[in-house]
Structures are given as C-alpha cells and as structure tokens.
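Next comes query_16.cif, with mmCIF, C-alpha atoms and all ligand atoms.
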data_protein
#
loop_
_atom_site.label_atom_id
_atom_site.label_comp_id
_atom_site.auth_asym_id
_atom_site.auth_seq_id
_atom_site.Cartn_x
_atom_site.Cartn_y
_atom_site.Cartn_z
CA MET Y 1 33.38 91.67 126.10
CA SER Y 2 31.86 90.30 122.97
CA ASN Y 3 33.97 88.19 120.66
CA ALA Y 4 34.84 89.79 117.35
CA ALA Y 5 34.12 87.30 114.57
CA LEU Y 6 35.15 89.75 111.89
CA ILE Y 7 37.79 92.45 112.20
CA ILE Y 8 38.35 94.85 109.35
CA SER Y 9 41.10 97.43 109.60
CA GLY Y 10 42.35 100.07 107.25
CA LEU Y 11 40.74 98.62 104.15
CA ASN Y 12 41.58 100.49 100.95
CA LYS Y 13 40.59 99.60 97.42
CA THR Y 14 41.13 101.19 94.06
CA LEU Y 15 39.22 99.94 91.03
CA GLY Y 16 40.45 101.23 87.70
CA LYS Y 17 41.65 104.71 88.54
CA LYS Y 18 39.06 105.28 91.23
CA HIS Y 19 39.93 105.08 94.92
CA ILE Y 20 36.73 103.42 96.10
CA LEU Y 21 37.30 102.43 99.73
CA HIS Y 22 39.10 104.72 102.17
CA ASP Y 23 40.42 103.18 105.38
CA ILE Y 24 37.35 101.14 106.25
CA SER Y 25 37.61 99.72 109.77
CA PHE Y 26 35.06 97.99 111.98
CA GLU Y 27 34.46 94.89 114.06
CA ALA Y 28 31.42 92.65 114.05
CA TYR Y 29 30.73 90.29 116.94
CA GLU Y 30 29.53 86.75 117.34
CA GLY Y 31 25.81 86.68 118.05
CA GLU Y 32 24.92 90.01 116.51
CA VAL Y 33 23.33 91.26 113.34
CA PHE Y 34 25.60 93.99 112.05
CA GLY Y 35 24.13 96.31 109.45
CA PHE Y 36 26.17 97.90 106.75
CA LEU Y 37 24.16 100.96 105.82
CA GLY Y 38 24.88 103.38 103.03
CA PRO Y 39 23.39 105.01 99.96
CA ASN Y 40 23.86 103.63 96.42
CA GLY Y 41 27.48 103.65 95.39
CA ALA Y 42 28.75 103.97 98.99
CA GLY Y 43 31.00 100.94 98.70
CA LYS Y 44 28.95 98.23 100.45
CA THR Y 45 29.20 95.61 97.74
CA THR Y 46 32.89 96.32 97.14
CA THR Y 47 33.65 95.85 100.85
CA ILE Y 48 31.59 92.67 101.00
CA LYS Y 49 33.22 91.24 97.88
CA ILE Y 50 36.62 91.79 99.46
CA ILE Y 51 35.55 90.10 102.70
CA VAL Y 52 34.18 87.02 100.92
CA GLY Y 53 37.27 86.79 98.72
CA LEU Y 54 35.73 87.83 95.39
CA LEU Y 55 37.95 90.90 95.19
CA ARG Y 56 41.51 91.34 96.32
CA LEU Y 57 42.25 93.98 98.95
CA ASP Y 58 44.87 96.61 98.14
CA GLU Y 59 45.67 97.61 101.68
CA GLY Y 60 44.42 96.69 105.13
CA GLU Y 61 43.73 93.65 107.26
CA ILE Y 62 40.80 91.29 107.53
CA GLU Y 63 40.46 88.69 110.22
CA VAL Y 64 37.66 86.11 110.12
CA GLY Y 65 37.10 83.86 113.12
CA GLY Y 66 40.62 84.70 114.28
CA PHE Y 67 42.30 83.97 110.92
CA ASP Y 68 44.03 86.60 108.84
CA ILE Y 69 42.76 86.54 105.28
CA LYS Y 70 46.25 87.07 103.81
CA LYS Y 71 48.24 84.74 106.05
CA ASN Y 72 45.62 82.05 106.45
CA TYR Y 73 43.30 82.41 103.49
CA GLU Y 74 41.70 78.96 103.56
CA LYS Y 75 40.92 78.96 107.26
CA ALA Y 76 39.56 82.50 107.05
CA MET Y 77 37.34 81.50 104.11
CA ALA Y 78 36.16 78.38 105.92
CA ASN Y 79 34.66 80.71 108.51
CA ILE Y 80 32.66 82.72 105.99
CA GLY Y 81 29.36 82.02 104.35
CA GLY Y 82 27.85 84.55 102.03
CA ILE Y 83 25.49 85.51 99.29
CA VAL Y 84 26.60 88.31 97.02
CA GLU Y 85 23.97 89.20 94.48
CA ASN Y 86 21.74 86.12 93.95
CA PRO Y 87 22.24 82.71 95.52
CA GLU Y 88 23.42 80.20 92.94
CA LEU Y 89 20.77 77.53 92.77
CA TYR Y 90 19.73 74.86 90.30
CA LYS Y 91 16.07 75.34 89.48
CA TYR Y 92 15.51 71.81 88.17
CA MET Y 93 16.68 70.30 91.47
CA THR Y 94 14.81 70.23 94.75
CA GLY Y 95 15.96 72.39 97.61
CA ARG Y 96 17.49 69.36 99.30
CA GLN Y 97 19.32 68.27 96.14
CA ASN Y 98 20.78 71.75 95.86
CA LEU Y 99 22.08 71.57 99.40
CA MET Y 100 23.49 68.06 98.84
CA GLN Y 101 25.20 69.21 95.67
CA TYR Y 102 26.76 72.11 97.54
CA ALA Y 103 27.69 69.91 100.51
CA ARG Y 104 29.86 67.77 98.21
CA MET Y 105 32.15 70.76 97.79
CA ARG Y 106 32.44 71.32 101.52
CA GLU Y 107 34.05 69.11 104.10
CA GLY Y 108 32.12 67.36 106.82
CA VAL Y 109 28.55 68.36 105.95
CA THR Y 110 26.28 65.51 107.05
CA ALA Y 111 22.66 64.70 106.16
CA GLU Y 112 21.77 65.74 109.72
CA ARG Y 113 23.40 69.11 109.16
CA ILE Y 114 21.30 69.56 106.03
CA ASP Y 115 18.12 68.85 108.02
CA GLU Y 116 19.31 71.23 110.69
CA VAL Y 117 19.90 74.20 108.37
CA VAL Y 118 16.64 73.54 106.54
CA LYS Y 119 14.85 73.83 109.85
CA LEU Y 120 16.76 76.99 110.77
CA VAL Y 121 15.54 78.73 107.63
CA GLY Y 122 11.99 77.41 107.93
CA LEU Y 123 11.94 75.33 104.75
CA SER Y 124 11.27 71.88 106.21
CA ASN Y 125 7.86 71.58 104.50
CA ARG Y 126 9.04 72.56 101.05
CA ILE Y 127 12.60 71.27 100.87
CA ASP Y 128 11.76 68.34 98.57
CA GLU Y 129 10.08 70.54 95.96
CA LYS Y 130 11.87 71.82 92.88
CA VAL Y 131 13.51 75.20 93.39
CA GLY Y 132 11.85 76.36 90.17
CA LYS Y 133 8.61 76.42 92.13
CA TYR Y 134 10.01 78.46 95.00
CA SER Y 135 9.11 82.07 95.64
CA LEU Y 136 11.95 84.59 95.70
CA GLY Y 137 11.78 84.60 99.51
CA MET Y 138 12.13 80.82 99.65
CA ARG Y 139 15.07 80.92 97.25
CA GLN Y 140 16.72 83.53 99.38
CA ARG Y 141 16.19 81.36 102.48
CA LEU Y 142 17.60 78.31 100.69
CA GLY Y 143 20.59 80.50 99.83
CA VAL Y 144 21.03 81.25 103.52
CA ALA Y 145 20.78 77.53 104.34
CA GLN Y 146 23.48 76.84 101.75
CA ALA Y 147 25.69 79.61 103.08
CA ILE Y 148 25.62 78.29 106.67
CA LEU Y 149 25.97 74.57 105.86
CA HIS Y 150 29.64 74.50 106.79
CA HIS Y 151 29.13 76.21 110.19
CA PRO Y 152 30.75 79.55 109.33
CA LYS Y 153 31.25 82.05 112.14
CA VAL Y 154 30.33 84.89 109.81
CA LEU Y 155 27.38 85.05 107.42
CA ILE Y 156 27.41 87.92 104.93
CA LEU Y 157 24.49 88.96 102.78
CA ASP Y 158 24.52 91.86 100.35
CA GLU Y 159 21.09 93.56 100.33
CA PRO Y 160 19.26 90.30 101.12
CA THR Y 161 15.76 91.77 101.21
CA ASN Y 162 15.93 93.33 97.73
CA GLY Y 163 12.84 92.39 95.78
CA LEU Y 164 11.08 90.62 98.66
CA ASP Y 165 7.55 91.55 99.68
CA PRO Y 166 6.87 92.70 103.27
CA ALA Y 167 6.01 89.18 104.47
CA GLY Y 168 9.16 87.79 102.85
CA ILE Y 169 11.23 90.55 104.40
CA LYS Y 170 9.89 89.79 107.85
CA GLU Y 171 10.53 86.05 107.49
CA LEU Y 172 14.10 86.61 106.40
CA ARG Y 173 14.67 89.22 109.10
CA ASP Y 174 13.43 86.84 111.81
CA ILE Y 175 15.64 84.04 110.49
CA LEU Y 176 18.75 86.22 110.39
CA LYS Y 177 18.09 87.53 113.90
CA SER Y 178 17.61 84.03 115.17
CA LEU Y 179 20.82 82.80 113.51
CA ALA Y 180 22.68 85.57 115.30
CA HIS Y 181 20.95 85.55 118.67
CA ASN Y 182 20.31 81.81 119.05
CA GLU Y 183 23.08 80.21 117.00
CA GLY Y 184 25.75 82.78 117.80
CA ILE Y 185 26.59 83.52 114.17
CA CYS Y 186 27.90 86.97 113.28
CA VAL Y 187 25.47 88.11 110.59
CA LEU Y 188 26.47 91.03 108.40
CA VAL Y 189 23.84 92.50 106.10
CA SER Y 190 23.96 95.54 103.87
CA SER Y 191 21.14 97.85 102.94
CA HIS Y 192 20.44 101.38 101.83
CA LEU Y 193 17.27 101.47 103.95
CA MET Y 194 17.55 102.88 107.44
CA SER Y 195 14.10 101.60 108.44
CA GLU Y 196 15.08 98.06 107.57
CA MET Y 197 18.36 98.23 109.45
CA GLU Y 198 16.54 99.57 112.48
CA LEU Y 199 14.33 96.47 112.62
CA MET Y 200 16.94 93.89 111.77
CA CYS Y 201 20.22 94.93 113.34
CA ASP Y 202 21.84 95.23 116.73
CA ARG Y 203 24.48 97.65 115.49
CA VAL Y 204 24.87 99.60 112.31
CA GLY Y 205 27.95 100.90 110.52
CA ILE Y 206 27.28 103.80 108.23
CA ILE Y 207 29.29 104.03 105.04
CA ALA Y 208 29.25 106.93 102.59
CA ASN Y 209 31.56 107.70 99.68
CA GLY Y 210 33.75 104.74 100.58
CA SER Y 211 34.38 105.86 104.17
CA MET Y 212 33.01 104.47 107.40
CA ILE Y 213 31.30 107.35 109.15
CA GLY Y 214 30.68 105.53 112.40
CA VAL Y 215 29.26 102.47 114.12
CA TYR Y 216 26.23 102.89 116.33
CA THR Y 217 23.80 100.76 118.27
CA VAL Y 218 20.28 101.04 116.94
CA ALA Y 219 19.31 102.74 120.22
CA GLU Y 220 21.99 105.39 119.65
CA MET Y 221 20.66 106.07 116.19
CA ILE Y 222 17.14 106.44 117.51
CA SER Y 223 18.17 108.79 120.28
CA ALA Y 224 20.15 110.81 117.75
CA SER Y 225 16.89 111.47 115.96
CA LYS Y 226 15.32 113.08 119.05
CA THR Y 227 15.43 116.83 119.29
CA GLY Y 228 14.41 117.34 122.95
CA THR Y 229 11.36 119.34 121.93
CA ASP Y 230 7.87 118.51 120.75
CA GLU Y 231 6.63 120.54 117.84
CA TYR Y 232 2.97 121.27 117.11
CA ILE Y 233 1.16 122.95 114.25
CA TYR Y 234 -1.35 125.61 115.37
CA GLU Y 235 -4.15 126.40 112.96
CA THR Y 236 -6.01 129.61 113.82
CA ASP Y 237 -8.03 132.31 112.05
CA SER Y 238 -5.02 134.64 112.16
CA SER Y 239 -1.34 133.86 112.58
CA GLU Y 240 -0.75 137.54 113.20
CA LYS Y 241 -3.14 137.72 116.18
CA ALA Y 242 -2.02 134.35 117.56
CA SER Y 243 1.69 135.05 117.27
CA ALA Y 244 1.28 138.33 119.16
CA LEU Y 245 0.33 136.19 122.17
CA MET Y 246 3.26 133.80 121.81
CA ALA Y 247 6.03 135.86 123.35
CA GLY Y 248 8.29 133.50 125.27
CA TYR Y 249 7.48 130.55 123.03
CA ASN Y 250 9.67 129.20 120.30
CA PHE Y 251 7.57 129.52 117.15
CA THR Y 252 7.71 129.87 113.37
CA ILE Y 253 4.88 131.34 111.30
CA THR Y 254 4.41 129.13 108.24
CA ASP Y 255 1.47 131.02 106.63
CA GLU Y 256 -1.49 133.28 107.49
CA THR Y 257 -3.25 130.62 109.51
CA HIS Y 258 -0.51 128.16 110.55
CA ILE Y 259 2.24 128.46 113.15
CA ASP Y 260 4.71 125.79 114.28
CA VAL Y 261 5.24 125.96 118.04
CA GLU Y 262 7.95 124.09 119.96
CA PHE Y 263 7.48 122.95 123.54
CA PRO Y 264 10.13 121.40 125.77
CA GLU Y 265 9.58 117.62 125.77
CA GLU Y 266 9.33 117.30 129.56
CA ASN Y 267 6.26 119.53 130.03
CA ALA Y 268 4.79 119.83 126.54
CA SER Y 269 1.18 119.06 127.56
CA GLN Y 270 1.11 121.66 130.34
CA ALA Y 271 2.76 124.35 128.22
CA MET Y 272 0.38 123.65 125.37
CA ALA Y 273 -2.72 123.84 127.59
CA GLU Y 274 -1.57 127.24 128.89
CA LEU Y 275 -1.00 128.62 125.41
CA ASN Y 276 -4.35 127.28 124.16
CA GLU Y 277 -6.18 128.96 127.04
CA LYS Y 278 -4.39 132.23 126.37
CA LEU Y 279 -5.33 132.19 122.70
CA ILE Y 280 -8.97 131.34 123.31
CA LEU Y 281 -9.38 133.95 126.07
CA ALA Y 282 -7.94 136.57 123.70
CA GLY Y 283 -10.57 135.70 121.08
CA VAL Y 284 -8.30 133.85 118.65
CA LYS Y 285 -10.21 131.06 116.87
CA LEU Y 286 -8.15 127.92 117.47
CA TYR Y 287 -9.16 125.41 114.79
CA SER Y 288 -6.64 122.67 115.42
CA VAL Y 289 -3.40 121.73 117.15
CA SER Y 290 -1.62 118.77 115.61
CA PRO Y 291 1.73 117.21 116.37
CA LYS Y 292 4.36 117.79 113.76
CA GLU Y 293 5.96 114.54 112.74
CA LYS Y 294 9.23 114.00 114.52
CA LYS Y 295 12.35 114.07 112.55
CA LYS Y 296 12.60 110.69 110.90
CA LEU Y 297 15.64 108.48 111.25
CA GLU Y 298 16.03 108.69 107.49
CA ASP Y 299 16.63 112.44 107.86
CA VAL Y 300 19.27 111.78 110.48
CA PHE Y 301 20.89 109.25 108.20
CA ILE Y 302 20.98 111.74 105.35
CA GLU Y 303 22.47 114.32 107.70
CA LEU Y 304 25.00 111.80 108.95
CA THR Y 305 26.13 110.81 105.53
CA GLN Y 306 26.39 114.42 104.39
CA SER Y 307 28.09 115.91 107.39
CA GLY Y 308 30.59 113.29 108.42
CA GLY Y 309 28.71 112.11 111.47
CA ALA Y 310 29.07 115.11 113.73
CA GLN Y 311 25.61 114.68 115.29
CA ILE Y 312 26.23 111.48 117.16
CA GLU Y 313 28.65 111.65 120.06
N1 LIG U 1 34.71 97.49 88.64
C1 LIG U 1 34.61 98.78 89.00
N2 LIG U 1 35.37 99.72 88.41
C2 LIG U 1 35.28 101.02 88.76
N3 LIG U 1 34.45 101.49 89.71
C3 LIG U 1 33.64 100.61 90.32
C4 LIG U 1 33.66 99.21 90.00
N4 LIG U 1 32.76 98.57 90.78
C5 LIG U 1 32.18 99.54 91.54
N5 LIG U 1 32.70 100.75 91.27
C6 LIG U 1 32.35 102.04 91.92
O1 LIG U 1 32.62 101.88 93.29
C7 LIG U 1 31.68 102.62 94.06
C8 LIG U 1 31.09 101.73 95.12
O2 LIG U 1 30.30 100.75 94.49
P1 LIG U 1 29.55 99.61 95.31
O3 LIG U 1 28.89 98.73 94.31
O4 LIG U 1 30.50 99.00 96.27
O5 LIG U 1 28.48 100.46 96.11
P2 LIG U 1 27.21 99.96 96.94
O6 LIG U 1 27.28 100.64 98.25
O7 LIG U 1 27.16 98.48 96.93
O8 LIG U 1 26.00 100.57 96.11
P3 LIG U 1 24.53 99.98 95.79
O9 LIG U 1 23.66 100.40 96.94
O10 LIG U 1 24.17 100.71 94.54
O11 LIG U 1 24.64 98.52 95.62
C9 LIG U 1 30.69 103.20 93.08
O12 LIG U 1 31.03 104.53 92.86
C10 LIG U 1 30.89 102.36 91.85
O13 LIG U 1 30.59 103.12 90.70
MG MG U 2 25.76 97.13 96.25
#
Could you show the structure in this file as structure tokens?
Amino acid sequence: MSNAALIISGLNKTLGKKHILHDISFEAYEGEVFGFLGPNGAGKTTTIKIIVGLLRLDEGEIEVGGFDIKKNYEKAMANIGGIVENPELYKYMTGRQNLMQYARMREGVTAERIDEVVKLVGLSNRIDEKVGKYSLGMRQRLGVAQAILHHPKVLILDEPTNGLDPAGIKELRDILKSLAHNEGICVLVSSHLMSEMELMCDRVGIIANGSMIGVYTVAEMISASKTGTDEYIYETDSSEKASALMAGYNFTITDETHIDVEFPEENASQAMAELNEKLILAGVKLYSVSPKEKKKLEDVFIELTQSGGAQIE
C-alpha cells in the first residue's frame, strides 16, 4: 500500500452566500504526481488555498504527513510547500539570495540544502543571476525550489504551467515528476487541461461544480476514451449505392458521398478489406477510406464533468 501524504475528507466551504465546495474527499500518496483537474470555476484554487492554510475550512478534515490541520496546525503546515498564484520573489536579488532570504524564515535549511534544491530544479547554472533576468519558466522553477526547501512531504502548485511555452512546460513537468518519483514527494498540481494532466500525473481527481467526481489512474482515463470499435469515413461516388451494400455493418450516412462505418476493433482490417472488395465489385467508385479520429480524452472529460462520472467503472 502506498502511503497517503495528504488525506482530505468531507471538505465543505461556503464563501459569501455561495456553497463552493461540496464534500471533497481524496487521498494523495507519497511519490506520486496527483492531478486536480477541472474546468474554470470548479473549485481547484479554493481547495488548494484551504490545504495550504490561506483559507479556513468550514467542515471536513485535512491531514498532511500524518498531522491533522486543525489539531496540529504547525506540524501539518511544516509538511506543505506550495505556490498559489505566482511565486513571491525579489527581482533585484539573485536566485540564491531569494532562497537564502526565504530560508531565514524556515528552520534548519542549510547552504547544502539550497544547493540541493537548486540542482533538483535545474537552475545550478543561473542561480547567481538576478531574478529580474529570469524567464517565467525559470521563475516558476525557483518558486518550486523555494517551496521544497524545508523538505515538505507535500508540494502543491495551482496551475503551474500557466503562461509557460511548450519547452518550459516540459521542463517543469519533468522536474515535478522527478520530485515525486525520485524524491518521494507527493506533488499535487491543478489544471483545466486534460492533455497536460495525462502527461504529468500518475492519478487524476476530477472536480466539477465544487464536487469530486472521481479519482482515476491516467491509464483508466485513457481506456475510458476507447469505444471498442474503429470508425472509418468512406468517400464514394454515391452514398446511396454504397449503403445498399452495407447491410450487416454499423454505418451512418453523413452526406451524398460520405458514410461513417464502424468495425469491431479486433478484426477491423479484415472487415474493411471485405467491404471494400464488395463495393468495388459492385461498381461503386471508392475514392478514399480514412480513419475517423478517436474520441479524444477531452471529450471524455467533458462527458465526465457533465454526467457525474457514470462512464468510468
Ligand atoms: N471570495 C469568493 N467569494 C465568492 N465566491 C468565490 C470566491 N472565490 C471564488 N469564488 C467562486 O468559487 C468557485 C470556485 O472558484 P475557484 O477559483 O476555486 O475555481 P478554479 O477551479 O480554481 O477555477 P479556475 O480554473 O478559473 O482557476 C467559482 O464559482 C468562484 O466564482
Ligand atoms: Mg483557479
């Protein structure tokens, strides 16, 4: 069994008159990247702010590294590192000076530890330059270094790849994966992008309208997007003539010259070859057969968030 570094149960939050979070519960383990996935306004930031202690919880329990946030606030907080919105950095100081400044507020952070985190986030070459000269990606990585200085068990980042270019996203993704998989940290990241979560996370919790719809491994999410059939688009001179020869096939006529045909995944090639032969022998002009793009994970995500998660078992 994996060790839960973060246990959230029955979290409820009302802001103003609005009940924002409804019974949010999940566990995130040491050594994994846990994704918190949901559309805008789902409640990701609110949940994260509560976990890092920026907002008070109305109802529910949070345990960080074995410490209850209500009964043992300081110890729970000592096990959390996080960036909510932008990392707070002094631009006129070097990266190292920023870390030293921050280390003064934390107990037991040595110069060696600073070197160690700098290496973990891949900033060794640039750490003695002024932060004002850093790219957004470098600032974000320095923020991560700062957040893990005190050896927290849990690192939380709210939409950390926002605004980064593809190279910056990949660098950050690799660093976060390595912190989880090699250093054993429980990394929790939020995003509204399914594709990003798929590449970065081991497991993903889907949140919509302030409720947790479910927690899935990335493999489960991918398999949920499979339909068991392969669909092809047939382009011929006449959908009418072609469809007359398609008895026994599962097909949909889309216009006068195009038909979508579904084949069972296990023998799609064979079934397609047979149909093609039949059409050609009957004098139908077969101009093209092209695979129809498989249902994207994004579609599944939209379905999941709209339907309450009934598709995944
Ligand atoms: N201070 C507040 N008072 C009232 N409602 C709020 C407050 N802060 C947030 N909300 C509402 O709570 C809901 C959840 O917001 P939250 O910022 O947690 O969502 P999110 O998942 O982080 O969205 P995004 O992807 O846009 O960052 C939204 O409907 C938002 O309008
Ligand atoms: Mg947010």
Just want the 8 Å neighbourhood of segment 37-44 of chain Y, counted on only C-alpha atoms, with same-chain residues fewer than 5 positions away dropped. Output as an NGL selection string. :Y and (20-21 or 158 or 190-194 or 197 or 204-211 or 305)
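A straight line drawn from atom CA of Asn250 of chain Y to atom CA of Pro264 of chain Y is 9.5 Å long.
Remark: for Ala242 of chain Y, the closest of the candidate residues Y:Val121, Y:Leu281, Y:Val109, Y:Ala147 is Y:Leu281 (distances computed over only C-alpha atoms).
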Select from segment 22-43 of chain Y every residue with an atom at most 6 Å from any atom of segment 184-187 of chain Y, then for each give the shortest pair of atoms and their distance in Å to one decimal, using all atoms listed in the file, rows by chain and rising number, as CSV.
residue,atom,partner,partner_atom,distance
Y:Tyr29,CA,Y:Cys186,CA,5.7
Y:Glu30,CA,Y:Cys186,CA,4.4
Y:Gly31,CA,Y:Gly184,CA,3.9
Y:Glu32,CA,Y:Cys186,CA,5.3
Y:Val33,CA,Y:Val187,CA,4.7
Which residue of Y:Ile114, Y:Val261, Y:Ile233, Y:Leu176 approaches Ser290 of chain Y most closely, using only C-alpha atoms: Y:Ile233
Show which residues sit within 12 Å of Leu54 of chain Y, as an mmCIF file with C-alpha atoms, in the frame of the given file. Count only C-alpha atoms, and ignore same-chain residues fewer than 5 positions away.
data_model
loop_
_atom_site.group_PDB
_atom_site.id
_atom_site.type_symbol
_atom_site.label_atom_id
_atom_site.label_comp_id
_atom_site.auth_asym_id
_atom_site.auth_seq_id
_atom_site.Cartn_x
_atom_site.Cartn_y
_atom_site.Cartn_z
ATOM 1 C CA THR Y 45 29.200 95.610 97.740
ATOM 2 C CA THR Y 46 32.890 96.320 97.140
ATOM 3 C CA THR Y 47 33.650 95.850 100.850
ATOM 4 C CA ILE Y 48 31.590 92.670 101.000
ATOM 5 C CA LYS Y 49 33.220 91.240 97.880
ATOM 6 C CA MET Y 77 37.340 81.500 104.110
ATOM 7 C CA GLY Y 82 27.850 84.550 102.030
ATOM 8 C CA ILE Y 83 25.490 85.510 99.290
ATOM 9 C CA VAL Y 84 26.600 88.310 97.020
ATOM 10 C CA GLU Y 85 23.970 89.200 94.480
#
Atom CA of Val118 of chain Y to atom CA of Asn98 of chain Y, straight-line distance in Å: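 Atom CA of Val118 of chain Y lies 11.6 Å from atom CA of Asn98 of chain Y.
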Using all atoms listed in the file, determine which residues lie at most 12 Å from Leu142 of chain Y, disregarding the query and same-chain residues fewer than 2 positions distant; provide the list as JSON, numbers by chain. {"Y": [83, 86, 87, 88, 89, 90, 91, 94, 95, 96, 97, 98, 99, 100, 102, 114, 115, 117, 118, 119, 120, 121, 122, 123, 124, 126, 127, 128, 129, 130, 131, 134, 135, 136, 137, 138, 139, 140, 144, 145, 146, 147, 148, 149, 172, 175]}
So, counting all atoms listed in the file, which residue among Y:Glu159, Y:Glu220, Y:Glu183, Y:Glu198 is closest to ligand LIG 1 (chain U)? Y:Glu159
Point-to-point distance from atom CA of Lys13 of chain Y to atom CA of Phe67 of chain Y, Å rounded to tenths: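 That distance, rounded to one decimal, is 20.7 Å.
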Could you check which of Y:Gly214, Y:Gly10, Y:Gly228, Y:Gly16 is closest to ligand LIG 1 (chain U), using all atoms listed in the file?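 The closest residue to ligand LIG 1 (chain U) is Y:Gly16.
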